[in-house]
Each structure stands twice: as C-alpha cells, then as structure tokens.
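What follows is the content of run.txt (compact mmCIF, C-alpha atoms and all ligand atoms).
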# COMPACT_ATOMS: atom_id res chain seq x y z
CA MET A 18 158.67 103.20 96.40
CA ARG A 19 160.18 100.02 97.79
CA ARG A 20 158.25 100.32 100.96
CA LYS A 21 154.89 98.60 100.99
CA ASP A 22 153.69 100.20 104.22
CA GLU A 23 150.97 102.73 103.46
CA SER A 24 149.84 103.35 107.02
CA LYS A 25 150.83 107.01 107.09
CA LYS A 26 148.95 107.92 103.93
CA PRO A 27 145.66 108.81 105.64
CA ILE A 28 147.52 110.81 108.28
CA ILE A 29 149.21 112.86 105.59
CA SER A 30 146.18 113.41 103.39
CA ASP A 31 143.94 114.22 106.36
CA PHE A 32 146.50 116.68 107.58
CA ILE A 33 146.69 118.39 104.17
CA ASN A 34 142.90 118.71 104.00
CA ALA A 35 142.49 119.89 107.57
CA PHE A 36 145.31 122.38 107.17
CA TYR A 37 143.70 123.70 104.01
CA TYR A 38 140.39 124.34 105.76
CA GLU A 39 141.99 125.89 108.76
CA HIS A 40 144.58 128.13 107.15
CA ASP A 41 143.07 128.72 103.71
CA LYS A 42 146.20 127.49 102.04
CA VAL A 43 148.00 124.38 101.01
CA PRO A 44 150.58 123.25 103.59
CA SER A 45 154.25 123.25 102.70
CA VAL A 46 156.17 120.01 103.08
CA ARG A 47 157.83 121.55 106.14
CA GLU A 48 154.42 122.19 107.68
CA ILE A 49 153.34 118.62 106.96
CA VAL A 50 156.47 117.39 108.73
CA GLU A 51 155.86 119.60 111.75
CA GLY A 52 152.15 118.92 111.95
CA THR A 53 152.26 115.15 111.62
CA GLY A 54 155.58 114.47 113.31
CA ILE A 55 156.56 112.25 110.38
CA PRO A 56 160.20 112.73 109.25
CA LEU A 57 160.85 114.82 106.14
CA SER A 58 162.29 112.00 104.03
CA THR A 59 159.28 109.81 104.80
CA VAL A 60 156.79 112.58 104.00
CA HIS A 61 158.58 113.25 100.72
CA ARG A 62 158.55 109.55 99.80
CA TYR A 63 154.84 109.28 100.56
CA LEU A 64 153.98 112.39 98.57
CA VAL A 65 155.91 111.11 95.55
CA ASP A 66 154.17 107.76 95.82
CA MET A 67 150.73 109.34 96.19
CA GLN A 68 151.47 111.61 93.22
CA GLU A 69 152.41 108.58 91.09
CA LYS A 70 149.18 106.84 92.06
CA GLY A 71 147.19 109.92 91.22
CA GLU A 72 146.02 110.42 94.78
CA LEU A 73 147.24 113.99 94.99
CA SER A 74 149.31 116.45 93.06
CA TYR A 75 152.76 117.16 94.37
CA ASN A 76 155.19 119.36 92.53
CA GLY A 77 158.24 117.69 94.04
CA TYR A 78 159.40 120.26 96.50
CA ARG A 79 156.98 122.94 97.58
CA SER A 80 153.47 121.89 98.38
CA ALA A 81 150.89 119.19 97.87
CA ARG A 82 147.20 119.40 97.19
CA THR A 83 144.82 116.48 97.48
CA LYS A 84 142.22 115.32 94.99
CA GLU A 85 139.52 116.47 97.34
CA MET A 86 140.84 120.01 97.19
CA SER A 87 141.27 119.91 93.43
CA GLU A 88 137.59 119.13 93.09
CA VAL A 89 136.75 122.23 95.04
CA SER A 90 138.95 124.51 93.01
CA PRO A 91 139.36 122.87 89.64
CA ILE A 92 140.88 125.71 87.68
CA HIS A 93 143.49 127.95 89.22
CA GLY A 94 143.36 126.87 92.76
CA ILE A 95 141.80 128.98 95.36
CA GLY A 96 141.91 132.49 93.89
CA ILE A 97 139.01 131.77 91.60
CA LEU A 98 136.70 130.84 94.42
CA GLU A 99 136.79 134.27 95.96
CA ARG A 100 135.39 135.83 92.84
CA GLN A 101 131.67 135.70 92.50
CA GLU A 102 131.85 136.38 88.76
CA TYR A 103 132.95 132.80 88.16
CA THR A 104 129.63 131.47 89.31
CA GLY A 105 127.98 132.92 86.24
CA CYS A 106 126.68 136.15 87.68
CA THR A 107 127.79 139.68 87.04
CA VAL A 108 128.76 141.86 89.96
CA ASN A 109 128.54 145.60 89.56
CA PHE A 110 129.48 148.43 91.91
CA LYS A 111 132.32 146.46 93.41
CA THR A 112 134.12 149.66 94.23
CA TYR A 113 133.03 153.24 94.87
CA THR A 114 134.70 156.58 95.43
CA ASN A 115 133.91 158.76 98.38
CA SER A 116 133.54 162.05 96.55
CA ILE A 117 134.77 163.82 93.44
CA TRP A 118 137.90 164.91 95.36
CA ASP A 119 138.68 161.49 96.70
CA LYS A 120 139.45 159.42 93.65
CA LYS A 121 140.59 156.44 95.66
CA GLN A 122 138.53 153.41 94.80
CA ARG A 123 137.09 151.75 97.84
CA GLU A 124 135.84 148.26 98.18
CA ASN A 125 132.05 148.26 98.38
CA PRO A 126 130.52 145.95 101.02
CA ASP A 127 128.67 142.96 99.56
CA GLU A 128 125.25 144.30 100.50
CA ASN A 129 125.79 147.40 98.35
CA ARG A 130 126.78 145.45 95.28
CA ALA A 131 124.36 144.65 92.55
CA VAL A 132 124.50 141.05 91.47
CA PHE A 133 122.89 139.82 88.27
CA TYR A 134 122.63 136.06 88.29
CA ASN A 135 123.13 133.71 85.36
CA THR A 136 124.42 136.37 83.01
CA HIS A 137 127.21 134.22 81.59
CA PRO A 138 128.14 130.54 81.63
CA THR A 139 128.88 129.11 85.04
CA ILE A 140 132.36 127.85 85.83
CA ILE A 141 131.59 126.96 89.42
CA GLU A 142 128.22 125.92 90.78
CA PRO A 143 126.79 128.62 93.07
CA GLU A 144 126.35 126.11 95.91
CA VAL A 145 130.01 125.14 95.76
CA PHE A 146 130.97 128.81 95.71
CA ASP A 147 128.84 129.60 98.77
CA LYS A 148 130.15 126.62 100.65
CA VAL A 149 133.75 127.49 99.99
CA GLN A 150 133.20 131.09 101.05
CA GLU A 151 131.64 129.83 104.24
CA ILE A 152 134.53 127.49 104.93
CA ARG A 153 137.09 130.13 104.05
CA GLN A 154 135.50 132.71 106.31
CA GLN A 155 136.07 130.48 109.29
CA ARG A 156 139.34 131.90 110.50
CA HIS A 157 141.03 129.66 112.97
CA ARG A 158 143.76 130.10 115.40
CA ARG A 159 146.69 128.00 114.42
CA THR A 160 147.78 125.62 117.17
CA LYS A 161 151.38 125.98 118.21
CA THR A 162 152.29 122.78 116.46
CA GLY A 163 150.58 123.70 113.20
CA LYS A 164 148.29 120.69 113.67
CA SER A 165 144.64 121.04 112.86
CA HIS A 166 141.63 118.82 113.09
CA VAL A 167 139.00 117.59 110.63
CA PHE A 168 136.36 119.41 112.70
CA SER A 169 138.30 122.65 113.08
CA GLY A 170 135.89 125.57 113.05
CA LEU A 171 132.84 123.36 113.54
CA VAL A 172 132.94 122.71 117.29
CA PHE A 173 131.06 125.02 119.66
CA CYS A 174 130.25 125.12 123.34
CA ALA A 175 126.57 124.26 123.89
CA ASP A 176 126.25 126.69 126.79
CA CYS A 177 128.08 129.87 125.86
CA LYS A 178 128.13 129.18 122.10
CA ALA A 179 131.81 130.07 121.91
CA LYS A 180 134.06 128.21 119.52
CA MET A 181 135.87 125.32 121.13
CA ARG A 182 139.61 125.40 120.70
CA TYR A 183 141.51 122.43 119.41
CA CYS A 184 144.44 121.75 121.70
CA THR A 185 147.33 119.53 120.95
CA THR A 186 151.06 119.37 121.25
CA ARG A 187 153.44 117.61 118.97
CA TYR A 188 154.56 115.26 121.74
CA PHE A 189 151.06 114.22 122.70
CA GLU A 190 149.72 111.04 121.35
CA GLU A 191 146.78 111.54 119.07
CA ARG A 192 144.30 110.37 121.68
CA GLN A 193 145.29 113.24 123.98
CA ASP A 194 144.18 115.91 121.54
CA HIS A 195 141.09 117.67 122.74
CA PHE A 196 138.63 120.51 122.25
CA VAL A 197 137.89 122.94 125.05
CA CYS A 198 135.55 125.93 125.35
CA ALA A 199 137.45 129.13 124.56
CA ASN A 200 135.79 130.97 127.44
CA TYR A 201 136.90 128.39 129.92
CA ARG A 202 140.48 128.47 128.80
CA SER A 203 140.81 132.20 128.96
CA ASN A 204 139.69 132.10 132.62
CA THR A 205 137.03 134.72 132.18
CA GLY A 206 134.94 132.58 134.49
CA THR A 207 132.02 132.69 132.09
CA CYS A 208 131.97 129.01 131.26
CA SER A 209 132.77 125.62 132.72
CA ALA A 210 134.96 122.85 131.38
CA HIS A 211 133.38 121.59 128.19
CA PHE A 212 136.35 119.42 127.50
CA ILE A 213 136.11 116.59 125.00
CA ARG A 214 138.81 114.41 123.55
CA ALA A 215 139.13 114.73 119.81
CA VAL A 216 139.24 111.00 119.22
CA VAL A 217 135.97 110.49 121.13
CA LEU A 218 134.28 113.30 119.25
CA GLU A 219 135.49 111.95 115.92
CA GLN A 220 134.10 108.50 116.62
CA LEU A 221 130.72 109.78 117.76
CA VAL A 222 130.22 112.31 114.98
CA TRP A 223 131.46 109.94 112.30
CA LYS A 224 129.07 107.28 113.56
CA HIS A 225 126.20 109.78 113.49
CA MET A 226 127.11 110.90 109.97
CA GLN A 227 127.21 107.29 108.78
CA MET A 228 123.84 106.59 110.35
CA VAL A 229 122.30 109.69 108.79
CA ILE A 230 123.71 108.87 105.36
CA ASP A 231 122.60 105.27 105.66
CA TYR A 232 119.13 106.26 106.83
CA VAL A 233 118.55 108.82 104.09
CA LEU A 234 119.68 106.41 101.40
CA ARG A 235 117.48 103.62 102.69
CA TYR A 236 114.36 105.45 103.81
CA GLU A 237 114.44 108.64 101.79
CA VAL A 238 110.66 109.02 101.53
CA PHE A 239 110.13 108.57 105.22
CA PHE A 240 113.06 110.82 106.08
CA ARG A 241 111.66 113.56 103.86
CA ALA A 242 108.22 113.27 105.44
CA LYS A 243 109.61 113.36 108.96
CA MET A 244 111.85 116.33 108.27
CA GLU A 245 109.04 118.20 106.54
CA GLN A 246 107.09 117.84 109.76
CA ARG A 247 110.02 118.97 111.81
CA LEU A 248 110.84 121.96 109.60
CA ARG A 249 107.10 122.76 109.50
CA ILE A 250 107.01 122.48 105.77
CA GLU A 251 103.41 122.70 104.69
CA SER A 252 101.91 120.29 102.22
CA SER A 253 101.95 121.25 98.58
CA GLU A 254 98.16 121.55 98.78
CA ILE A 255 98.28 124.27 101.46
CA LEU A 256 101.05 126.01 99.58
CA ARG A 257 98.95 125.95 96.43
CA VAL A 258 96.05 127.56 98.29
CA LYS A 259 98.35 130.27 99.60
CA ARG A 260 99.70 131.01 96.13
CA LYS A 261 96.14 131.29 94.88
CA GLN A 262 95.25 133.71 97.67
CA LEU A 263 98.28 135.82 96.85
CA ASP A 264 97.41 135.84 93.18
CA LYS A 265 93.88 136.97 93.97
CA ALA A 266 95.10 139.74 96.27
CA GLU A 267 97.54 141.01 93.65
CA LYS A 268 94.83 141.11 90.99
CA ARG A 269 92.48 143.03 93.26
CA ILE A 270 95.24 145.55 94.09
CA LEU A 271 95.64 146.30 90.37
CA GLU A 272 91.90 146.45 89.88
CA LEU A 273 91.60 149.02 92.67
CA ASP A 274 94.22 151.18 90.95
CA LYS A 275 92.09 151.17 87.80
CA LEU A 276 88.90 151.88 89.74
CA PHE A 277 90.58 154.78 91.39
CA VAL A 278 91.58 156.26 88.03
CA ARG A 279 88.03 155.81 86.81
CA ILE A 280 86.36 157.64 89.72
CA TYR A 281 88.97 160.34 89.47
CA GLU A 282 88.16 160.88 85.80
CA ASP A 283 84.45 160.79 86.55
CA ASN A 284 84.97 163.35 89.25
CA VAL A 285 86.94 165.63 86.92
CA ALA A 286 84.28 165.25 84.21
CA GLY A 287 81.62 166.25 86.72
CA LYS A 288 79.91 162.83 86.68
CA LEU A 289 80.81 162.17 90.29
CA SER A 290 80.36 164.65 93.15
CA ASP A 291 83.33 165.63 95.28
CA GLU A 292 81.71 164.13 98.39
CA ARG A 293 81.02 160.85 96.66
CA PHE A 294 84.57 160.80 95.24
CA ALA A 295 86.05 161.38 98.71
CA VAL A 296 84.06 158.49 100.21
CA MET A 297 84.82 156.06 97.40
CA SER A 298 88.49 156.89 97.11
CA SER A 299 89.08 156.47 100.83
CA SER A 300 87.27 153.15 100.81
CA TYR A 301 89.39 151.94 97.84
CA GLU A 302 92.47 153.20 99.57
CA GLU A 303 91.64 151.33 102.75
CA GLU A 304 90.91 148.10 100.95
CA GLN A 305 94.13 148.36 99.02
CA GLN A 306 96.22 148.97 102.15
CA THR A 307 94.82 145.88 103.82
CA LEU A 308 95.36 143.79 100.69
CA LYS A 309 98.93 144.97 100.33
CA ALA A 310 99.74 144.03 103.92
CA ASN A 311 98.12 140.61 103.49
CA ALA A 312 99.89 140.00 100.21
CA GLU A 313 103.22 140.81 101.80
CA THR A 314 102.63 138.36 104.65
CA LEU A 315 101.59 135.66 102.20
CA ARG A 316 104.58 136.30 99.99
CA GLN A 317 106.96 135.95 102.93
CA LYS A 318 105.31 132.77 104.12
CA ILE A 319 105.49 131.22 100.66
CA GLU A 320 109.11 132.24 100.30
CA VAL A 321 110.10 130.69 103.64
CA GLN A 322 108.25 127.50 102.70
CA GLU A 323 109.92 127.28 99.32
CA GLN A 324 113.32 127.89 100.88
CA GLN A 325 112.81 125.20 103.53
CA ASN A 326 111.62 122.80 100.90
CA GLN A 327 114.61 123.51 98.70
CA ASN A 328 117.00 123.17 101.66
CA LEU A 329 115.65 119.75 102.48
CA GLU A 330 116.04 118.61 98.87
CA LEU A 331 119.56 120.02 98.71
CA PHE A 332 120.50 118.13 101.85
CA ILE A 333 119.11 114.87 100.49
CA GLN A 334 120.98 115.37 97.21
CA LYS A 335 124.17 116.09 99.11
CA VAL A 336 123.81 112.93 101.17
CA HIS A 337 123.55 110.94 97.95
CA GLN A 338 126.96 112.25 96.94
CA TYR A 339 128.40 110.65 100.05
CA ALA A 340 126.89 107.21 99.53
CA ASP A 341 130.36 105.67 99.27
CA LEU A 342 132.04 107.69 101.97
CA ASP A 343 134.08 105.16 103.92
CA LYS A 344 136.10 107.41 106.14
CA LEU A 345 135.76 110.74 107.83
CA THR A 346 137.30 113.56 105.81
CA ALA A 347 137.54 117.27 106.55
CA TYR A 348 135.69 118.10 103.35
CA ALA A 349 132.76 115.78 104.02
CA ALA A 350 132.53 117.01 107.62
CA HIS A 351 132.49 120.66 106.58
CA ASP A 352 130.15 119.99 103.69
CA LEU A 353 127.51 118.09 105.65
CA ILE A 354 127.80 119.68 109.08
CA LYS A 355 127.28 123.28 110.06
CA ALA A 356 128.13 123.03 113.74
CA ILE A 357 128.73 120.56 116.54
CA TYR A 358 127.64 121.63 120.03
CA ILE A 359 129.30 120.09 123.05
CA GLY A 360 127.43 120.06 126.37
CA ALA A 361 128.99 120.20 129.82
CA PRO A 362 129.85 116.78 131.24
CA ASP A 363 127.32 115.42 133.70
CA LYS A 364 128.72 113.09 136.33
CA SER A 365 125.58 112.76 138.47
CA SER A 366 124.98 109.17 137.38
CA GLY A 367 128.48 108.16 138.36
CA LYS A 368 129.47 107.96 134.71
CA ARG A 369 130.72 110.85 132.66
CA ARG A 370 127.94 111.76 130.25
CA GLN A 371 128.14 114.52 127.71
CA SER A 372 125.61 115.66 125.16
CA ILE A 373 126.68 116.29 121.59
CA SER A 374 124.31 117.91 119.11
CA ILE A 375 125.09 117.94 115.45
CA CYS A 376 123.59 120.68 113.34
CA TYR A 377 123.61 119.54 109.73
CA ASP A 378 123.90 121.93 106.84
CA PHE A 379 120.50 123.06 105.40
CA VAL A 380 118.34 121.04 107.81
CA GLY A 381 119.75 121.55 111.30
CA PHE A 382 119.27 118.83 113.90
CA ILE A 383 118.21 115.42 112.69
CA PRO A 384 116.20 113.42 115.27
CA LEU A 385 117.91 110.14 114.49
CA ASP A 386 116.66 108.36 117.62
CA GLU A 387 113.10 109.21 116.74
CA LEU A 388 113.56 108.07 113.15
CA MET A 389 115.15 104.79 114.25
CA LYS A 390 112.39 104.13 116.76
CA GLN A 391 109.74 104.48 114.10
CA GLU A 392 111.67 102.33 111.73
CA THR A 393 111.76 99.41 114.20
CA ALA A 394 108.24 99.98 115.52
ZN ZN A 401 131.40 127.63 126.96
How does this structure look as structure tokens?
Amino acid sequence: MRRKDESKKPIISDFINAFYYEHDKVPSVREIVEGTGIPLSTVHRYLVDMQEKGELSYNGYRSARTKEMSEVSPIHGIGILERQEYTGCTVNFKTYTNSIWDKKQRENPDENRAVFYNTHPTIIEPEVFDKVQEIRQQRHRRTKTGKSHVFSGLVFCADCKAKMRYCTTRYFEERQDHFVCANYRSNTGTCSAHFIRAVVLEQLVWKHMQMVIDYVLRYEVFFRAKMEQRLRIESSEILRVKRKQLDKAEKRILELDKLFVRIYEDNVAGKLSDERFAVMSSSYEEEQQTLKANAETLRQKIEVQEQQNQNLELFIQKVHQYADLDKLTAYAAHDLIKAIYIGAPDKSSGKRRQSISICYDFVGFIPLDELMKQETA
C-alpha cells in the first residue's frame, strides 16, 4: 500500500467487531462500505493492508474477520461455539420424540438436557462458551444504515428497563449518533426521553472502564475487600463454621436413619413395646425433619457464598487480561460489562445532568467514587 494514512483502520476494525456482535456474522465488504461510508476501493485497500500486517484475515473478496474475533472462535468460526460438546462436556437427550407414532425428532429445551461436565478434553473454555452464547443471544435490530455500535445490546433505560435503540443515519456525522429509549420512540407514552449521544456515552463508559481496570490492578487487595463487603461475602472463618454445621447436621441425619432401623428391629423382636416404638420413632422423625430443613438452608447459603466469591475472583482475573487495553473495543465492552443504564436528563440545576450506571459482568455496580475517596483519605 503506497498510502501511509492509517486513520480509517480503527473505524473499519471497530465496525467489523460491532457488526459481528450485533448480527452474529462477519460483515461483507459491501456492508463495511455501507456502514462506514468509506468507498469500496479504500475499504478493499485497507483490508489487504491489514491482512498483510496480520491484523485481520481477509480472503480477498468476501468477508473479513478481525484477530479479536478469531480469538473467540479459533477453530471453525462461529458454528463451533453454539455446540456445548466442544467445552468438554457431554450433552444427552438433545432431541426427543413425542410418542411412538410421531417419529419426528424434536429439539429438547436446554433445561431438559442432561449435561455431564468434563467428560472429554476441552476445546473451548466454558467461560468463553457462556460469554459467547450470551453475546449471541442478544438479538439486535439492524439500523437502516447497517451501522452498529460498540455498546449495541448493552444500553438500557434506567426507568423502564427497555433496551435503548442506537440511532444513526449514514449522512449524520459520528457525533450525532445517539441512543434513545425504545418505549419513548414508539410513542407508547410509557417513558420519557432518555436520549444520550453515542460519543458522550463512549467517552464516559470508556473512562469508567479505564479507571476500574487501573484501580483493580493497583489496589487489588483493597478492591477485593471492598467488593466482598458490598456483595456481602462472608469471611472464610464464618464460611468454615457454616460448613462444619452442615457436616454435623448431615451426620446426625444418617445416624437417625440407623437409630430408626434399630428401634424397628427391636420392636419386631419384641424388645421394644409398640407404644415406646411409636414415641421414639416420631421423635426421631421430627428431629430429622428439622435437621433436613436446616441443612438445606445452610447448603444454599454456602453455595451462594461460594458463587459470589468465585464471581469476584473471575472478574479480577478478567480485568488482568485487559491490563494493556488502550482503546475501547466491542469485545472488551461486552466482556467486562453486562449492562449500561441511562437515567432521564435532569435540567433542574440549569445544566443537563444525566446518570449513567454501569453494571459490570460478575460483580454488578462498582462504587468507584467510594473506592477513590478511601484511596485519597
Ligand atoms: Zn425508558
């Protein structure tokens, strides 16, 4: 490529990524041209150049996929990621037939399938698989221009919780693109104008992401402690006590079973009167019922705690992967963030103020202000 100007590269690669997340497929060159407004010959020249530099793979005429996407689906592209078997577990009962007369195989809903984990070597990490399913399930409306946004599918109205639509036209300058609450647009009268310009949202969210990443990397111990408090994660000492209690309850439940057998045998052998047997067995029964209920509560509590704990660790690990992230990408946004909630604008102070809450994957809202305050205190 004679041309030294590389300014359109990020526009093209961002478009490819965003398109991929929004439409579940790789954009054609034609779609790149339409979505970015860059002429066909220029797009082609850029793609060839990026292919030569190893920045993406472009087969010369049909479609281009970026490195970022190749990391998500390293083998045969996207087909593989829909199949749970590739994560190293075996799925049975995927289909069923209605009756002996209806031989047509029907797809069984996920909840009726039996999944056996870790039965054969993993090709794709389960976390990656789950994430991709989540991203792929977010079906988006395609804007008329075929353009999409790095946050597509992530932006919600804080009041009615509806998805906010990304609105753009090909003739608009980038800074005119905006998100607006779907319920406002459709004039159902159920919601007010939660309008926000895309460029403003990008700047704010990207800044927040950078601050979170920076904070976690620098003050990991403190961040963990603070989030444990926030997620009400109990100390390992309390958790240990609970596990002990559960263990004790389970042992006693088994013991009561044995005792019951013993009095039953004694009763049959005539060593224990019927009246005595009735009293003892009902008292054992009662004790066992109470223990079973307690054990169940304990088990659930422990499970929730372990899950929360694991989620926090997974989030911290994930942040470490983005230590060198120097620009906002659709993948990073979808990987780290679960949802972005946009509040209604408040003009009471004379200035237009709007609240934006970012719900991060695994941990939810991160009280950055609070963390920063304590850091400087
Ligand atoms: Zn709304």
Please provide as an NGL selection string all residues within 7 Å of range 343-352 of chain A, with the sequence filter that same-chain residues fewer than 6 positions apart are discarded (counting all atoms listed in the file). :A and (31 or 34-35 or 167-168 or 223)
To one decimal in Å, tell me the separation between CA of Cys177 in chain A and CA of Tyr358 in chain A.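 Atom-to-atom, CA of Cys177 in chain A to CA of Tyr358 in chain A, that is 10.1 Å.
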Sorted per-residue table, chain A near ligand ZN 401 (chain A), closest atoms and distance, 7 Å, all atoms listed in the file, as JSON lines:
{"residue": "A:Cys174", "atom": "CA", "partner": "A:ZN401", "partner_atom": "ZN", "distance": 4.6}
{"residue": "A:Ala175", "atom": "CA", "partner": "A:ZN401", "partner_atom": "ZN", "distance": 6.6}
{"residue": "A:Asp176", "atom": "CA", "partner": "A:ZN401", "partner_atom": "ZN", "distance": 5.2}
{"residue": "A:Cys177", "atom": "CA", "partner": "A:ZN401", "partner_atom": "ZN", "distance": 4.2}
{"residue": "A:Lys178", "atom": "CA", "partner": "A:ZN401", "partner_atom": "ZN", "distance": 6.1}
{"residue": "A:Ala179", "atom": "CA", "partner": "A:ZN401", "partner_atom": "ZN", "distance": 5.6}
{"residue": "A:Cys198", "atom": "CA", "partner": "A:ZN401", "partner_atom": "ZN", "distance": 4.8}
{"residue": "A:Ala199", "atom": "CA", "partner": "A:ZN401", "partner_atom": "ZN", "distance": 6.7}
{"residue": "A:Asn200", "atom": "CA", "partner": "A:ZN401", "partner_atom": "ZN", "distance": 5.5}
{"residue": "A:Tyr201", "atom": "CA", "partner": "A:ZN401", "partner_atom": "ZN", "distance": 6.3}
{"residue": "A:Cys208", "atom": "CA", "partner": "A:ZN401", "partner_atom": "ZN", "distance": 4.6}
{"residue": "A:Ser209", "atom": "CA", "partner": "A:ZN401", "partner_atom": "ZN", "distance": 6.3}
{"residue": "A:His211", "atom": "CA", "partner": "A:ZN401", "partner_atom": "ZN", "distance": 6.5}
A:Val258, A:Met181, A:Ile33, A:Ile230: which is nearest His337 in chain A, counting only C-alpha atoms?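 Among A:Val258, A:Met181, A:Ile33, A:Ile230, it is A:Ile230 that comes nearest to His337 in chain A.
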Please enclose the listed atoms of range 62-76 of chain A in an axis-aligned box, pad each side by 4 Å, and write out the centre and the three edge lengths in Å, rounded to one decimal, as AutoDock Vina command-line options.
--center_x 152.3 --center_y 113.1 --center_z 95.8 --size_x 20.5 --size_y 20.5 --size_z 17.5
Which residue of A:Tyr281, A:Tyr63, A:Phe382, A:Tyr339 approaches Arg293 in chain A most closely, using all atoms listed in the file: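 Ranked by minimum distance to Arg293 in chain A, first place goes to A:Tyr281.
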